[in-house]
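Student: Next up is a structure, given as structure tokens.
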Amino acid sequence: MRFLGNILAKTDAKGRAFLPSVFRKVLQASGEETLVLRKDVFQSCLVLYPESVWNERLDMLKSQLRQWKPVHQQMFRQFVSEAEVVTLDGNGRFLISKRLQRVAGISQDIQFIGMDDTIEIWSPDDLQKTLRPEDEFGKQFENIMNGEEVCL
């Protein structure tokens with residue numbers, strides 16, 4: 001399952017958004033019906049996980065944590081407790097809760113970014129702040145592909 005694309009959209013007054021049809025088609029082809037939404041750990045955006053991808057990520061996280069270490073238990077608790085299960089309605093809409101809108105700085109305008117097996121949801125202004133100018137991006141890309149250390 002691979003999501004690709006950069007799509008500008010809007011939420012309605014209730015915080016519902018239409019999942020772009022290109023992404024819905026990928027979900028349908030994969031037989032995915034349930035999604036999980038949470039704020040990204042590093043960036044000011046939301047990440048929409050198909051349930052199977054979410055389960056893989058949770059398994060990966062659990063394999064890195066030790067159940068009987070309090071700090072590991074707390075990390076797992078915080079990661080999981082900030083997630084919300086979402087489903088698409090008959091029109092392909094889903095609700096972005098007020099809590100998640102607030103923590104990600106999202107208002108009515110949103111931008112969907114296909115990120116391989118997940119979908120990011122950004123405030124368009126915040127997304128622009130994270131993107132590099134084309135020449136800088138090209139140089140950093142070259143350095144990474146040549147195995148060189150890159151400082152962002």
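Every chain in the structure tokens takes a letter, A first, then B, and so on in the order presented; its residues are numbered from 1, and the ligands are numbered from 1 following the presented order.
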Can you check which parts of region 53-81 of chain A lie within 9 Å of region 34-47 of chain A? Per residue, the shortest pair of atoms and distance in Å to one decimal, counting only C-alpha atoms, sorted by chain and number, as JSON lines.
Tutor:
{"residue": "A:Trp54", "atom": "CA", "partner": "A:Val36", "partner_atom": "CA", "distance": 6.8}
{"residue": "A:Phe79", "atom": "CA", "partner": "A:Val41", "partner_atom": "CA", "distance": 8.3}
{"residue": "A:Val80", "atom": "CA", "partner": "A:Arg38", "partner_atom": "CA", "distance": 8.7}
Student: Nearest to Met115 (chain A): which of A:Gly147, A:Tyr49, A:Lys10, A:Gly92 is it, counting only C-alpha atoms?
Tutor: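 Nearest candidate to Met115 (chain A) out of A:Gly147, A:Tyr49, A:Lys10, A:Gly92: A:Tyr49.
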Student: What does the distance between CA of Phe18 (chain A) and CA of Leu95 (chain A) come to in Å, to one decimal place?
Tutor: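 Those two atoms sit 9.0 Å apart.
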Student: At a cut-off of 6 Å, using only C-alpha atoms, what residues contact Asp117 (chain A)? Leave out same-chain residues fewer than 5 positions from it and give the result as a VMD selection string.
Tutor: chain A and resid 1 to 3
